[in-house]
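Shown next: input-v1.cif, given as mmCIF, C-alpha atoms and all ligand atoms.
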data_target
#
loop_
_atom_site.label_atom_id
_atom_site.label_comp_id
_atom_site.auth_asym_id
_atom_site.auth_seq_id
_atom_site.Cartn_x
_atom_site.Cartn_y
_atom_site.Cartn_z
CA MET A 1 1.52 -18.89 -39.69
CA LEU A 2 1.20 -17.87 -36.06
CA HIS A 3 -1.28 -15.09 -35.45
CA ILE A 4 -1.06 -12.84 -32.46
CA ASN A 5 -3.85 -11.89 -30.11
CA GLU A 6 -4.85 -8.73 -31.98
CA HIS A 7 -6.53 -7.29 -28.92
CA TYR A 8 -3.04 -6.47 -27.62
CA LEU A 9 -2.67 -4.06 -30.53
CA LYS A 10 -5.52 -1.98 -29.14
CA LEU A 11 -3.59 -1.24 -25.95
CA GLN A 12 -2.03 2.15 -25.41
CA ALA A 13 1.72 2.08 -26.10
CA SER A 14 2.98 1.26 -22.64
CA TYR A 15 1.86 0.71 -19.08
CA LEU A 16 1.44 4.05 -17.30
CA PHE A 17 4.03 3.50 -14.59
CA SER A 18 6.68 2.23 -17.04
CA ASP A 19 6.05 5.28 -19.17
CA ILE A 20 6.61 7.58 -16.21
CA ALA A 21 9.72 5.67 -15.12
CA LYS A 22 11.18 6.15 -18.63
CA ARG A 23 10.51 9.89 -18.59
CA VAL A 24 12.05 10.23 -15.13
CA ALA A 25 15.12 8.20 -16.15
CA ALA A 26 15.62 10.40 -19.22
CA PHE A 27 15.31 13.53 -17.07
CA GLN A 28 17.79 12.14 -14.53
CA ASP A 29 20.27 11.32 -17.35
CA ALA A 30 20.04 14.87 -18.62
CA ASN A 31 20.29 16.29 -15.07
CA PRO A 32 22.60 13.92 -13.19
CA ASP A 33 22.99 16.24 -10.19
CA MET A 34 19.26 16.72 -9.69
CA ASP A 35 17.95 15.09 -6.53
CA ILE A 36 14.55 13.87 -7.72
CA ILE A 37 11.82 13.24 -5.14
CA LYS A 38 9.34 10.54 -6.17
CA LEU A 39 5.72 10.97 -5.18
CA GLY A 40 4.54 9.06 -8.26
CA ILE A 41 3.93 5.31 -8.13
CA GLY A 42 2.42 4.08 -4.88
CA ASP A 43 5.51 2.20 -3.76
CA VAL A 44 6.32 2.14 -0.06
CA THR A 45 9.71 3.33 1.15
CA ARG A 46 10.01 2.31 4.80
CA ALA A 47 11.45 -0.94 6.20
CA LEU A 48 9.34 -4.04 6.78
CA PRO A 49 7.77 -4.17 10.26
CA GLY A 50 10.05 -5.86 12.84
CA ALA A 51 7.52 -8.61 13.59
CA CYS A 52 7.44 -9.59 9.88
CA VAL A 53 11.23 -9.50 9.59
CA ALA A 54 11.63 -11.76 12.67
CA ALA A 55 9.08 -14.26 11.30
CA PHE A 56 10.73 -14.12 7.88
CA HIS A 57 14.19 -14.88 9.39
CA LYS A 58 12.81 -17.70 11.52
CA ALA A 59 11.16 -19.31 8.50
CA VAL A 60 14.35 -19.04 6.44
CA ASP A 61 16.23 -20.78 9.28
CA GLU A 62 13.61 -23.55 9.25
CA MET A 63 14.17 -23.94 5.51
CA ALA A 64 17.87 -24.48 6.23
CA THR A 65 17.12 -27.75 8.04
CA ASP A 66 15.79 -30.97 6.51
CA ALA A 67 13.18 -31.21 9.26
CA GLY A 68 11.90 -27.66 8.75
CA PHE A 69 12.19 -27.56 4.96
CA HIS A 70 9.09 -26.70 2.90
CA GLY A 71 8.76 -27.55 -0.77
CA TYR A 72 5.61 -26.80 -2.77
CA GLY A 73 2.95 -25.52 -0.42
CA PRO A 74 -0.81 -25.52 -0.96
CA GLU A 75 -1.55 -23.32 -4.00
CA GLN A 76 -4.25 -21.50 -2.02
CA GLY A 77 -1.88 -20.64 0.80
CA TYR A 78 -0.95 -22.24 4.12
CA ALA A 79 -3.79 -22.77 6.58
CA PHE A 80 -1.97 -20.72 9.25
CA LEU A 81 -2.16 -17.61 7.04
CA ARG A 82 -5.66 -18.18 5.62
CA GLU A 83 -7.04 -18.71 9.13
CA ALA A 84 -5.32 -15.59 10.49
CA ILE A 85 -6.71 -13.53 7.59
CA ALA A 86 -10.28 -14.82 8.02
CA LYS A 87 -10.21 -14.21 11.76
CA HIS A 88 -8.57 -10.78 11.94
CA ASP A 89 -9.54 -9.09 8.67
CA PHE A 90 -13.13 -10.33 8.46
CA GLN A 91 -14.64 -12.20 11.40
CA ALA A 92 -13.31 -9.58 13.86
CA ARG A 93 -15.30 -6.97 11.90
CA GLY A 94 -18.45 -9.08 11.81
CA ALA A 95 -17.92 -10.19 8.20
CA ASP A 96 -18.69 -13.84 7.65
CA ILE A 97 -15.68 -15.11 5.67
CA SER A 98 -14.01 -18.45 6.26
CA ALA A 99 -10.41 -19.51 5.67
CA ASP A 100 -11.28 -21.76 2.73
CA GLU A 101 -12.67 -18.74 0.85
CA ILE A 102 -9.27 -17.05 0.89
CA PHE A 103 -6.71 -17.53 -1.88
CA VAL A 104 -3.22 -16.27 -1.02
CA SER A 105 -1.27 -14.92 -3.99
CA ASP A 106 1.73 -12.83 -4.92
CA GLY A 107 -0.17 -9.64 -5.64
CA ALA A 108 -3.48 -7.83 -5.98
CA LYS A 109 -2.28 -6.53 -9.35
CA CYS A 110 -2.14 -10.10 -10.72
CA ASP A 111 -5.40 -11.12 -9.08
CA THR A 112 -7.42 -8.09 -10.20
CA GLY A 113 -5.91 -8.57 -13.65
CA ASN A 114 -6.51 -12.32 -13.86
CA PHE A 115 -9.96 -12.65 -12.34
CA GLN A 116 -11.77 -11.60 -15.53
CA GLU A 117 -10.52 -14.82 -17.19
CA LEU A 118 -13.38 -16.69 -15.53
CA PHE A 119 -16.01 -14.84 -17.53
CA SER A 120 -17.17 -14.88 -21.11
CA THR A 121 -15.67 -12.44 -23.54
CA ASP A 122 -19.08 -10.89 -24.14
CA ALA A 123 -19.50 -9.96 -20.47
CA ARG A 124 -20.43 -6.28 -20.19
CA VAL A 125 -17.83 -4.59 -18.03
CA ALA A 126 -18.20 -1.44 -15.95
CA ILE A 127 -14.94 0.28 -15.09
CA PRO A 128 -14.47 3.52 -13.16
CA ASP A 129 -12.78 6.50 -14.79
CA PRO A 130 -10.22 7.43 -13.50
CA VAL A 131 -9.00 3.93 -12.69
CA TYR A 132 -6.01 1.76 -11.78
CA PRO A 133 -5.05 0.83 -15.39
CA VAL A 134 -4.82 -2.94 -14.75
CA TYR A 135 -8.61 -3.51 -14.71
CA LEU A 136 -9.09 -1.89 -18.08
CA ASP A 137 -5.98 -3.20 -19.85
CA THR A 138 -6.64 -6.83 -18.90
CA ASN A 139 -10.16 -6.60 -20.29
CA VAL A 140 -8.74 -5.11 -23.49
CA MET A 141 -6.26 -8.02 -23.74
CA ALA A 142 -9.13 -10.48 -23.25
CA GLY A 143 -11.06 -8.94 -26.14
CA ARG A 144 -13.94 -7.40 -24.21
CA THR A 145 -13.52 -3.99 -25.82
CA GLY A 146 -13.50 -2.39 -29.22
CA GLU A 147 -10.95 0.13 -30.41
CA PHE A 148 -9.55 3.05 -28.42
CA ARG A 149 -11.14 6.24 -29.74
CA ASP A 150 -11.13 9.71 -28.29
CA GLY A 151 -9.60 8.57 -25.01
CA ARG A 152 -11.86 5.58 -24.39
CA TYR A 153 -12.36 1.97 -25.46
CA GLU A 154 -15.55 1.15 -27.29
CA GLY A 155 -17.74 -1.37 -25.54
CA VAL A 156 -16.74 -0.47 -21.97
CA VAL A 157 -19.27 1.09 -19.61
CA TYR A 158 -17.29 3.85 -17.93
CA LEU A 159 -18.24 4.93 -14.44
CA ASP A 160 -17.25 8.58 -14.21
CA SER A 161 -15.78 9.64 -10.88
CA THR A 162 -15.79 13.41 -10.89
CA LYS A 163 -16.03 16.38 -8.61
CA GLU A 164 -19.80 16.41 -9.26
CA ASN A 165 -20.34 12.98 -7.68
CA ASN A 166 -17.61 13.46 -5.07
CA TYR A 167 -15.52 10.84 -6.90
CA VAL A 168 -17.94 7.99 -6.12
CA PRO A 169 -19.53 6.81 -9.37
CA GLU A 170 -23.26 6.47 -9.83
CA LEU A 171 -24.87 3.18 -10.83
CA PRO A 172 -24.58 2.49 -14.56
CA SER A 173 -27.49 3.58 -16.73
CA GLU A 174 -27.20 0.46 -18.92
CA PRO A 175 -27.01 -3.19 -17.80
CA VAL A 176 -23.58 -4.57 -16.88
CA ASP A 177 -22.28 -7.96 -15.70
CA LEU A 178 -18.90 -7.27 -14.15
CA ILE A 179 -18.21 -4.18 -12.03
CA TYR A 180 -14.83 -2.98 -10.78
CA LEU A 181 -14.78 -0.83 -7.65
CA CYS A 182 -11.81 0.29 -5.54
CA PHE A 183 -12.13 2.00 -2.13
CA PRO A 184 -10.27 3.80 -0.63
CA ASN A 185 -9.82 4.72 -4.23
CA ASN A 186 -6.76 4.63 -6.39
CA PRO A 187 -6.12 7.19 -7.87
CA THR A 188 -8.51 9.73 -6.29
CA GLY A 189 -8.14 8.79 -2.61
CA SER A 190 -11.93 9.08 -2.22
CA THR A 191 -13.85 6.78 0.10
CA ILE A 192 -17.28 5.18 -0.06
CA THR A 193 -19.85 5.03 2.75
CA LYS A 194 -21.67 1.86 3.78
CA GLU A 195 -24.91 3.29 2.36
CA GLN A 196 -23.30 4.03 -1.01
CA LEU A 197 -21.67 0.60 -1.15
CA LYS A 198 -25.00 -1.01 -0.31
CA THR A 199 -26.56 0.54 -3.43
CA TRP A 200 -23.89 -1.26 -5.49
CA VAL A 201 -24.44 -4.58 -3.72
CA ASP A 202 -28.21 -4.26 -4.19
CA TYR A 203 -27.72 -3.37 -7.85
CA ALA A 204 -25.44 -6.38 -8.44
CA ARG A 205 -27.99 -8.70 -6.80
CA GLU A 206 -30.77 -7.29 -8.92
CA GLU A 207 -28.78 -7.48 -12.18
CA LYS A 208 -27.08 -10.84 -11.43
CA ALA A 209 -23.78 -8.98 -11.78
CA LEU A 210 -20.51 -9.47 -9.90
CA ILE A 211 -18.50 -6.77 -8.13
CA LEU A 212 -14.70 -7.05 -8.10
CA PHE A 213 -13.87 -4.95 -5.04
CA ASP A 214 -10.27 -3.82 -4.68
CA ALA A 215 -9.58 -2.99 -1.02
CA ALA A 216 -5.78 -2.79 -1.26
CA TYR A 217 -5.79 0.51 0.68
CA GLU A 218 -8.09 -0.65 3.47
CA ALA A 219 -5.45 -0.16 6.19
CA PHE A 220 -5.53 3.60 5.59
CA ILE A 221 -9.13 3.89 6.80
CA ARG A 222 -9.15 5.73 10.11
CA ASP A 223 -12.81 6.79 9.98
CA ASP A 224 -14.49 3.72 11.38
CA SER A 225 -17.89 4.59 9.95
CA LEU A 226 -16.43 3.62 6.55
CA PRO A 227 -16.54 -0.02 5.37
CA HIS A 228 -13.18 -1.83 5.53
CA SER A 229 -14.57 -4.72 3.51
CA ILE A 230 -17.48 -5.12 1.12
CA TYR A 231 -18.59 -8.09 3.24
CA GLU A 232 -19.66 -5.64 5.93
CA ILE A 233 -22.60 -5.00 3.57
CA GLU A 234 -25.55 -7.37 3.75
CA GLY A 235 -25.88 -9.59 0.69
CA ALA A 236 -22.32 -8.99 -0.55
CA ARG A 237 -21.31 -12.64 -0.15
CA GLU A 238 -23.51 -13.45 -3.15
CA VAL A 239 -22.14 -10.80 -5.49
CA ALA A 240 -18.65 -9.70 -4.52
CA VAL A 241 -15.07 -10.86 -4.73
CA GLU A 242 -12.57 -8.81 -2.68
CA PHE A 243 -8.87 -8.21 -3.28
CA ARG A 244 -6.45 -7.34 -0.49
CA SER A 245 -2.73 -6.85 -0.31
CA PHE A 246 0.10 -6.79 2.23
CA SER A 247 1.92 -4.27 0.02
CA LYS A 248 0.51 -1.04 1.33
CA ASN A 249 -0.16 -1.94 4.97
CA ALA A 250 3.01 -3.93 5.74
CA GLY A 251 5.32 -2.68 3.00
CA PHE A 252 5.37 -5.94 1.01
CA THR A 253 5.69 -4.34 -2.46
CA GLY A 254 9.07 -6.04 -2.88
CA THR A 255 8.20 -9.10 -0.77
CA ARG A 256 4.98 -10.00 -2.63
CA CYS A 257 1.94 -11.30 -0.80
CA ALA A 258 -1.77 -10.61 -1.23
CA TYR A 259 -5.04 -12.48 -1.19
CA THR A 260 -8.41 -12.73 -2.88
CA VAL A 261 -11.68 -13.62 -1.16
CA VAL A 262 -14.15 -15.68 -3.18
CA PRO A 263 -17.27 -16.49 -1.13
CA ARG A 264 -18.94 -19.82 -1.86
CA GLU A 265 -22.24 -18.09 -2.79
CA CYS A 266 -20.79 -16.08 -5.70
CA VAL A 267 -22.05 -17.40 -9.03
CA ALA A 268 -21.97 -16.67 -12.73
CA TYR A 269 -24.19 -18.34 -15.34
CA ASP A 270 -23.44 -20.90 -18.05
CA SER A 271 -24.93 -20.70 -21.54
CA GLN A 272 -27.99 -22.65 -20.37
CA GLY A 273 -28.57 -20.09 -17.64
CA ASN A 274 -27.51 -22.44 -14.82
CA ARG A 275 -25.82 -20.98 -11.76
CA GLN A 276 -22.14 -21.88 -11.65
CA PRO A 277 -20.24 -21.19 -8.42
CA ILE A 278 -17.13 -19.11 -9.02
CA HIS A 279 -15.10 -20.47 -6.09
CA PRO A 280 -14.25 -23.85 -7.72
CA LEU A 281 -13.39 -22.10 -10.99
CA TRP A 282 -10.97 -19.69 -9.33
CA ASN A 283 -9.54 -22.60 -7.37
CA ARG A 284 -9.05 -24.51 -10.63
CA ARG A 285 -7.35 -21.57 -12.26
CA HIS A 286 -5.16 -20.86 -9.23
CA CYS A 287 -3.99 -24.50 -9.00
CA THR A 288 -3.28 -24.64 -12.73
CA LYS A 289 -1.39 -21.39 -13.10
CA PHE A 290 0.10 -20.68 -9.67
CA ASN A 291 2.33 -22.60 -7.28
CA GLY A 292 1.83 -20.62 -4.13
CA VAL A 293 3.68 -17.89 -2.26
CA SER A 294 6.93 -18.94 -0.61
CA TYR A 295 6.77 -20.30 2.93
CA PRO A 296 8.94 -17.56 4.53
CA VAL A 297 6.85 -14.83 2.91
CA GLN A 298 3.63 -16.38 4.20
CA ARG A 299 5.13 -16.61 7.70
CA ALA A 300 6.12 -12.93 7.41
CA ALA A 301 2.54 -12.08 6.35
CA GLU A 302 1.10 -14.07 9.24
CA ALA A 303 3.12 -11.88 11.64
CA VAL A 304 1.03 -8.90 10.49
CA TYR A 305 -1.74 -10.31 12.71
CA SER A 306 0.35 -10.71 15.89
CA ASP A 307 -0.17 -8.04 18.58
CA GLU A 308 3.29 -6.68 17.85
CA GLY A 309 2.68 -6.76 14.09
CA LYS A 310 -0.66 -4.96 14.41
CA ALA A 311 0.90 -2.15 16.45
CA GLN A 312 3.82 -1.80 14.01
CA ILE A 313 1.51 -1.66 11.01
CA ARG A 314 -0.65 0.97 12.61
CA GLU A 315 2.45 3.07 13.17
CA LEU A 316 3.69 2.46 9.61
CA VAL A 317 0.41 3.39 7.97
CA GLY A 318 0.08 6.32 10.39
CA TYR A 319 3.45 7.61 9.19
CA TYR A 320 2.28 7.70 5.56
CA LEU A 321 -1.07 9.22 6.60
CA ASN A 322 0.87 11.99 8.30
CA ASN A 323 2.69 12.60 4.99
CA ALA A 324 -0.67 12.63 3.21
CA ASP A 325 -1.90 15.25 5.65
CA LEU A 326 1.15 17.40 4.99
CA ILE A 327 0.63 17.16 1.21
CA ALA A 328 -3.08 17.94 1.49
CA LYS A 329 -2.43 21.01 3.68
CA ALA A 330 0.31 22.26 1.34
CA VAL A 331 -1.75 21.91 -1.85
CA GLY A 332 -4.71 23.50 -0.09
CA GLU A 333 -2.52 26.48 0.90
CA LEU A 334 -1.37 26.77 -2.71
CA GLY A 335 -5.02 27.19 -3.65
CA PHE A 336 -5.59 23.87 -5.41
CA GLU A 337 -8.79 21.91 -5.14
CA TYR A 338 -8.10 18.35 -4.07
CA VAL A 339 -9.66 15.19 -2.68
CA GLY A 340 -8.13 12.30 -0.72
CA GLY A 341 -5.26 12.40 1.74
CA LYS A 342 -7.57 11.21 4.53
CA ASN A 343 -8.14 7.46 4.88
CA SER A 344 -5.89 7.18 1.83
CA PRO A 345 -2.24 7.66 0.82
CA TYR A 346 -3.24 9.50 -2.39
CA ILE A 347 -4.07 13.14 -3.01
CA TRP A 348 -5.91 13.92 -6.25
CA ILE A 349 -5.30 17.48 -7.32
CA TRP A 350 -7.13 19.59 -9.87
CA GLY A 351 -4.28 21.30 -11.71
CA ASP A 352 -6.49 23.24 -14.11
CA ARG A 353 -4.13 22.42 -16.98
CA ASP A 354 -3.11 19.40 -19.03
CA SER A 355 -2.01 16.57 -16.70
CA TRP A 356 1.21 15.75 -18.56
CA GLU A 357 2.08 19.43 -18.82
CA PHE A 358 1.72 19.69 -15.03
CA PHE A 359 3.79 16.50 -14.63
CA ASP A 360 6.58 18.02 -16.76
CA LEU A 361 6.43 21.31 -14.88
CA LEU A 362 6.79 19.62 -11.49
CA LEU A 363 9.60 17.39 -12.75
CA ASN A 364 11.53 20.15 -14.53
CA LYS A 365 11.05 23.00 -12.09
CA ALA A 366 10.75 21.16 -8.76
CA GLY A 367 12.40 17.80 -9.42
CA VAL A 368 9.24 16.13 -8.07
CA VAL A 369 7.58 13.14 -9.71
CA CYS A 370 3.78 12.92 -9.61
CA THR A 371 1.40 10.76 -11.63
CA PRO A 372 -0.51 12.58 -14.38
CA GLY A 373 -4.24 12.05 -13.90
CA ALA A 374 -4.83 11.57 -17.63
CA GLY A 375 -2.93 8.28 -17.37
CA PHE A 376 -5.81 6.92 -15.30
CA GLY A 377 -8.50 7.79 -17.83
CA LYS A 378 -10.33 10.59 -19.56
CA CYS A 379 -11.87 11.92 -16.35
CA GLY A 380 -8.34 12.23 -14.93
CA GLN A 381 -7.38 14.87 -17.48
CA GLY A 382 -6.49 18.11 -15.69
CA TYR A 383 -5.57 16.29 -12.48
CA ILE A 384 -2.36 14.95 -10.97
CA ARG A 385 -1.95 12.41 -8.18
CA LEU A 386 0.60 12.79 -5.39
CA SER A 387 1.46 9.77 -3.28
CA ALA A 388 2.38 9.91 0.42
CA PHE A 389 4.82 7.00 0.12
CA ASN A 390 8.16 8.61 0.90
CA SER A 391 9.99 9.86 3.98
CA TYR A 392 8.42 12.78 5.85
CA GLU A 393 11.55 14.83 5.16
CA ASN A 394 11.32 14.20 1.42
CA VAL A 395 7.61 14.98 1.34
CA ALA A 396 8.26 18.25 3.19
CA ARG A 397 11.09 19.14 0.77
CA ALA A 398 8.92 18.23 -2.23
CA MET A 399 6.09 20.47 -1.09
CA GLU A 400 8.47 23.38 -0.47
CA ARG A 401 9.99 22.92 -3.95
CA ILE A 402 6.52 22.82 -5.53
CA ARG A 403 5.59 26.00 -3.66
CA GLN A 404 8.68 27.74 -5.07
CA ALA A 405 8.18 26.33 -8.57
CA LEU A 406 4.64 27.68 -8.73
CA ALA A 407 5.42 31.04 -7.12
C1 LIG B 501 -0.20 2.93 -8.11
O1 LIG B 501 0.77 3.69 -7.94
O2 LIG B 501 -1.25 3.27 -8.62
C2 LIG B 501 -0.12 1.55 -7.62
O3 LIG B 501 0.43 1.58 -6.38
C3 LIG B 501 0.68 0.65 -8.41
C4 LIG B 501 0.43 -0.75 -7.94
O4 LIG B 501 0.12 -0.98 -6.77
O5 LIG B 501 0.54 -1.62 -8.77
#
What do you get writing this file as structure tokens?
Ligand code: MLT
Amino acid sequence: MLHINEHYLKLQASYLFSDIAKRVAAFQDANPDMDIIKLGIGDVTRALPGACVAAFHKAVDEMATDAGFHGYGPEQGYAFLREAIAKHDFQARGADISADEIFVSDGAKCDTGNFQELFSTDARVAIPDPVYPVYLDTNVMAGRTGEFRDGRYEGVVYLDSTKENNYVPELPSEPVDLIYLCFPNNPTGSTITKEQLKTWVDYAREEKALILFDAAYEAFIRDDSLPHSIYEIEGAREVAVEFRSFSKNAGFTGTRCAYTVVPRECVAYDSQGNRQPIHPLWNRRHCTKFNGVSYPVQRAAEAVYSDEGKAQIRELVGYYLNNADLIAKAVGELGFEYVGGKNSPYIWIWGDRDSWEFFDLLLNKAGVVCTPGAGFGKCGQGYIRLSAFNSYENVARAMERIRQALA
């Protein structure tokens, strides 16, 4: 008899964003004439940058010739892309990362979800609350947690991100091995300073822990005193893996390209207490389970680093930041407390009522989709998240409708 992985039975019924999509579809069915404005999932809405499109087309044309055809590429990504990433995203900022430490993939969601596979099932995991649900759910699937009780999984060390700590969690009070951090943060939109991030790097070095640092929203940082990468912090090469994505900076949510940085110094320990480098293990996993991102997509991603591409991306991200500013001003005028909206596409709003109730109110009365904070964890209860990923016109209409709905 085949037995299932019972840890899957501990998971909450469905993935947050599928749950929301179902509710919105049901509402739309019942109200076919309603023009719904989506400020829920962080999915971009504007066209790919011209430089990426041109590179994409050119690569497709190459594929149409025998001479320019590309079959399986290197699983880790083509050298042209890995070198461009190392140079522009890290070395240009003084972070010592080389091309062979970069693993190109089809998404930061998959990478942040899969990376935990390298570690033992008894690893003690610290996960922020509220949090992007992927980190938690994949650890549940792997069997690193107990049951879900009273809004939390047993066995997880939760790192509360609340108004009291300005949405930057404090160091855990009990020992942990694997730490998830995300800045600029999803869902709160909060940022971390270099000094704060250094306390985490120092802690990880002291505890022989590893930080999984999700920097998918790095492009939204406009305050240059903030760290764009964890490798701007001394010592981070020994204790941190970083995840980046082309989804939010260059609009690749439907095109799929991301990368993970695994420095050669990062180690975990075997049962004899010997240091085992993580880089060859991730390489082994990547080669076994992944066949690389398509050649045209990698050429399109490479174009992000051309002068033209850089300027277009700055404009694209600036457009969404302008939306974020509009949302932040509007919710502030409505008297809500909020965080984010600067250096981030997300605005985290204290609704002072049940998150799902607020979600339903905005959907039913304003035809606006948000993300209920409770879906991101217990500390998210009472909050909603609004995303700046939509057209300026739609964001302006959404905020006006919310103003009327709450009047
Ligand atoms: C979100 O809305 O939290 C994320 O954008 C979803 C994702 O990137 O997978």
Residues of chain A that approach ligand LIG 501 (chain B) to 7 Å or less, counting only C-alpha atoms and all ligand atoms: could you list each one with the shortest pair of atoms and its distance in Å to one decimal, rows by chain and increasing residue number, as CSV?
residue,atom,partner,partner_atom,distance
A:Gly40,CA,B:LIG501,O1,6.6
A:Ile41,CA,B:LIG501,O1,3.6
A:Gly42,CA,B:LIG501,O1,3.5
A:Asp43,CA,B:LIG501,O3,5.7
A:Lys109,CA,B:LIG501,O5,5.7
A:Tyr132,CA,B:LIG501,O2,5.9
A:Asn186,CA,B:LIG501,O2,6.1
A:Pro187,CA,B:LIG501,O2,6.3
Quick one: distance from atom CA of A:Phe213 to atom CA of A:Tyr180 in Å, one decimal?
->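 Spanning atom CA of A:Phe213 to atom CA of A:Tyr180 is a straight-line distance of 6.1 Å.
Using all atoms listed in the file, the smallest distance between any of A:Thr45, A:Asn322, A:Thr145, A:Thr255 and A:Pro296 comes from A:Thr255.
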Would you write out, as JSON lines, a table of all residues in stretch 156-235 of chain A that have an atom no more than 12 Å from an atom of stretch 256-269 of chain A, listing for each the closest atom pair and the distance in Å to one decimal, considering only C-alpha atoms and ordering rows by chain and rising residue number?
{"residue": "A:Asp177", "atom": "CA", "partner": "A:Ala268", "partner_atom": "CA", "distance": 9.2}
{"residue": "A:Leu178", "atom": "CA", "partner": "A:Ala268", "partner_atom": "CA", "distance": 10.0}
{"residue": "A:Ala204", "atom": "CA", "partner": "A:Cys266", "partner_atom": "CA", "distance": 11.1}
{"residue": "A:Arg205", "atom": "CA", "partner": "A:Cys266", "partner_atom": "CA", "distance": 10.4}
{"residue": "A:Glu207", "atom": "CA", "partner": "A:Ala268", "partner_atom": "CA", "distance": 11.5}
{"residue": "A:Lys208", "atom": "CA", "partner": "A:Ala268", "partner_atom": "CA", "distance": 7.9}
{"residue": "A:Ala209", "atom": "CA", "partner": "A:Ala268", "partner_atom": "CA", "distance": 8.0}
{"residue": "A:Leu210", "atom": "CA", "partner": "A:Cys266", "partner_atom": "CA", "distance": 7.8}
{"residue": "A:Ile211", "atom": "CA", "partner": "A:Cys266", "partner_atom": "CA", "distance": 9.9}
{"residue": "A:Leu212", "atom": "CA", "partner": "A:Val262", "partner_atom": "CA", "distance": 9.9}
{"residue": "A:Phe213", "atom": "CA", "partner": "A:Thr260", "partner_atom": "CA", "distance": 9.7}
{"residue": "A:Asp214", "atom": "CA", "partner": "A:Thr260", "partner_atom": "CA", "distance": 9.3}
{"residue": "A:Ala215", "atom": "CA", "partner": "A:Thr260", "partner_atom": "CA", "distance": 10.0}
{"residue": "A:Ala216", "atom": "CA", "partner": "A:Ala258", "partner_atom": "CA", "distance": 8.8}
{"residue": "A:Tyr217", "atom": "CA", "partner": "A:Ala258", "partner_atom": "CA", "distance": 12.0}
{"residue": "A:Ser229", "atom": "CA", "partner": "A:Val261", "partner_atom": "CA", "distance": 10.5}
{"residue": "A:Ile230", "atom": "CA", "partner": "A:Val261", "partner_atom": "CA", "distance": 10.5}
{"residue": "A:Tyr231", "atom": "CA", "partner": "A:Pro263", "partner_atom": "CA", "distance": 9.6}
{"residue": "A:Gly235", "atom": "CA", "partner": "A:Glu265", "partner_atom": "CA", "distance": 9.9}
Include C-alpha atoms and write out the residues we just selected as a PDB file, in the coordinates of the input.
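result-v1.pdb, freshly written:
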ATOM      1  CA  ASP A 177     -22.280  -7.960 -15.700  1.00  0.00           C
ATOM      2  CA  LEU A 178     -18.900  -7.270 -14.150  1.00  0.00           C
ATOM      3  CA  ALA A 204     -25.440  -6.380  -8.440  1.00  0.00           C
ATOM      4  CA  ARG A 205     -27.990  -8.700  -6.800  1.00  0.00           C
ATOM      5  CA  GLU A 207     -28.780  -7.480 -12.180  1.00  0.00           C
ATOM      6  CA  LYS A 208     -27.080 -10.840 -11.430  1.00  0.00           C
ATOM      7  CA  ALA A 209     -23.780  -8.980 -11.780  1.00  0.00           C
ATOM      8  CA  LEU A 210     -20.510  -9.470  -9.900  1.00  0.00           C
ATOM      9  CA  ILE A 211     -18.500  -6.770  -8.130  1.00  0.00           C
ATOM     10  CA  LEU A 212     -14.700  -7.050  -8.100  1.00  0.00           C
ATOM     11  CA  PHE A 213     -13.870  -4.950  -5.040  1.00  0.00           C
ATOM     12  CA  ASP A 214     -10.270  -3.820  -4.680  1.00  0.00           C
ATOM     13  CA  ALA A 215      -9.580  -2.990  -1.020  1.00  0.00           C
ATOM     14  CA  ALA A 216      -5.780  -2.790  -1.260  1.00  0.00           C
ATOM     15  CA  TYR A 217      -5.790   0.510   0.680  1.00  0.00           C
ATOM     16  CA  SER A 229     -14.570  -4.720   3.510  1.00  0.00           C
ATOM     17  CA  ILE A 230     -17.480  -5.120   1.120  1.00  0.00           C
ATOM     18  CA  TYR A 231     -18.590  -8.090   3.240  1.00  0.00           C
ATOM     19  CA  GLY A 235     -25.880  -9.590   0.690  1.00  0.00           C
TER      20      GLY A 235
END
Would you work out the distance separating atom CA of A:Cys287 from atom CA of A:Val53, expressed in Å to one decimal?
->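 Calculated distance between atom CA of A:Cys287 and atom CA of A:Val53 is 28.3 Å.
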Using atom CA of A:Phe103 and atom CA of A:Ser247 as the two end points, give the distance in Å to one decimal.
->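 Those two atoms sit 15.9 Å apart.
When only C-alpha atoms are used to measure the gap to A:Ser387, the shortest distance among A:Ala328, A:Leu361, A:Cys52, A:Ile221 belongs to A:Ala328.
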All residues 9 Å or closer to stretch 304-317 of chain A, all atoms listed in the file, same chain fewer than 2 positions away omitted, as a CSV table (one decimal) with C-alpha atoms, in the frame of the given file:
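So the final result, stored in part.csv, reads:
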chain,number,residue,atom,x,y,z
A,46,ARG,CA,10.0,2.3,4.8
A,49,PRO,CA,7.8,-4.2,10.3
A,50,GLY,CA,10.0,-5.9,12.8
A,51,ALA,CA,7.5,-8.6,13.6
A,52,CYS,CA,7.4,-9.6,9.9
A,84,ALA,CA,-5.3,-15.6,10.5
A,85,ILE,CA,-6.7,-13.5,7.6
A,88,HIS,CA,-8.6,-10.8,11.9
A,89,ASP,CA,-9.5,-9.1,8.7
A,219,ALA,CA,-5.4,-0.2,6.2
A,220,PHE,CA,-5.5,3.6,5.6
A,246,PHE,CA,0.1,-6.8,2.2
A,248,LYS,CA,0.5,-1.0,1.3
A,249,ASN,CA,-0.2,-1.9,5.0
A,250,ALA,CA,3.0,-3.9,5.7
A,251,GLY,CA,5.3,-2.7,3.0
A,300,ALA,CA,6.1,-12.9,7.4
A,301,ALA,CA,2.5,-12.1,6.4
A,302,GLU,CA,1.1,-14.1,9.2
A,319,TYR,CA,3.4,7.6,9.2
A,320,TYR,CA,2.3,7.7,5.6
A,321,LEU,CA,-1.1,9.2,6.6
A,322,ASN,CA,0.9,12.0,8.3
A,345,PRO,CA,-2.2,7.7,0.8
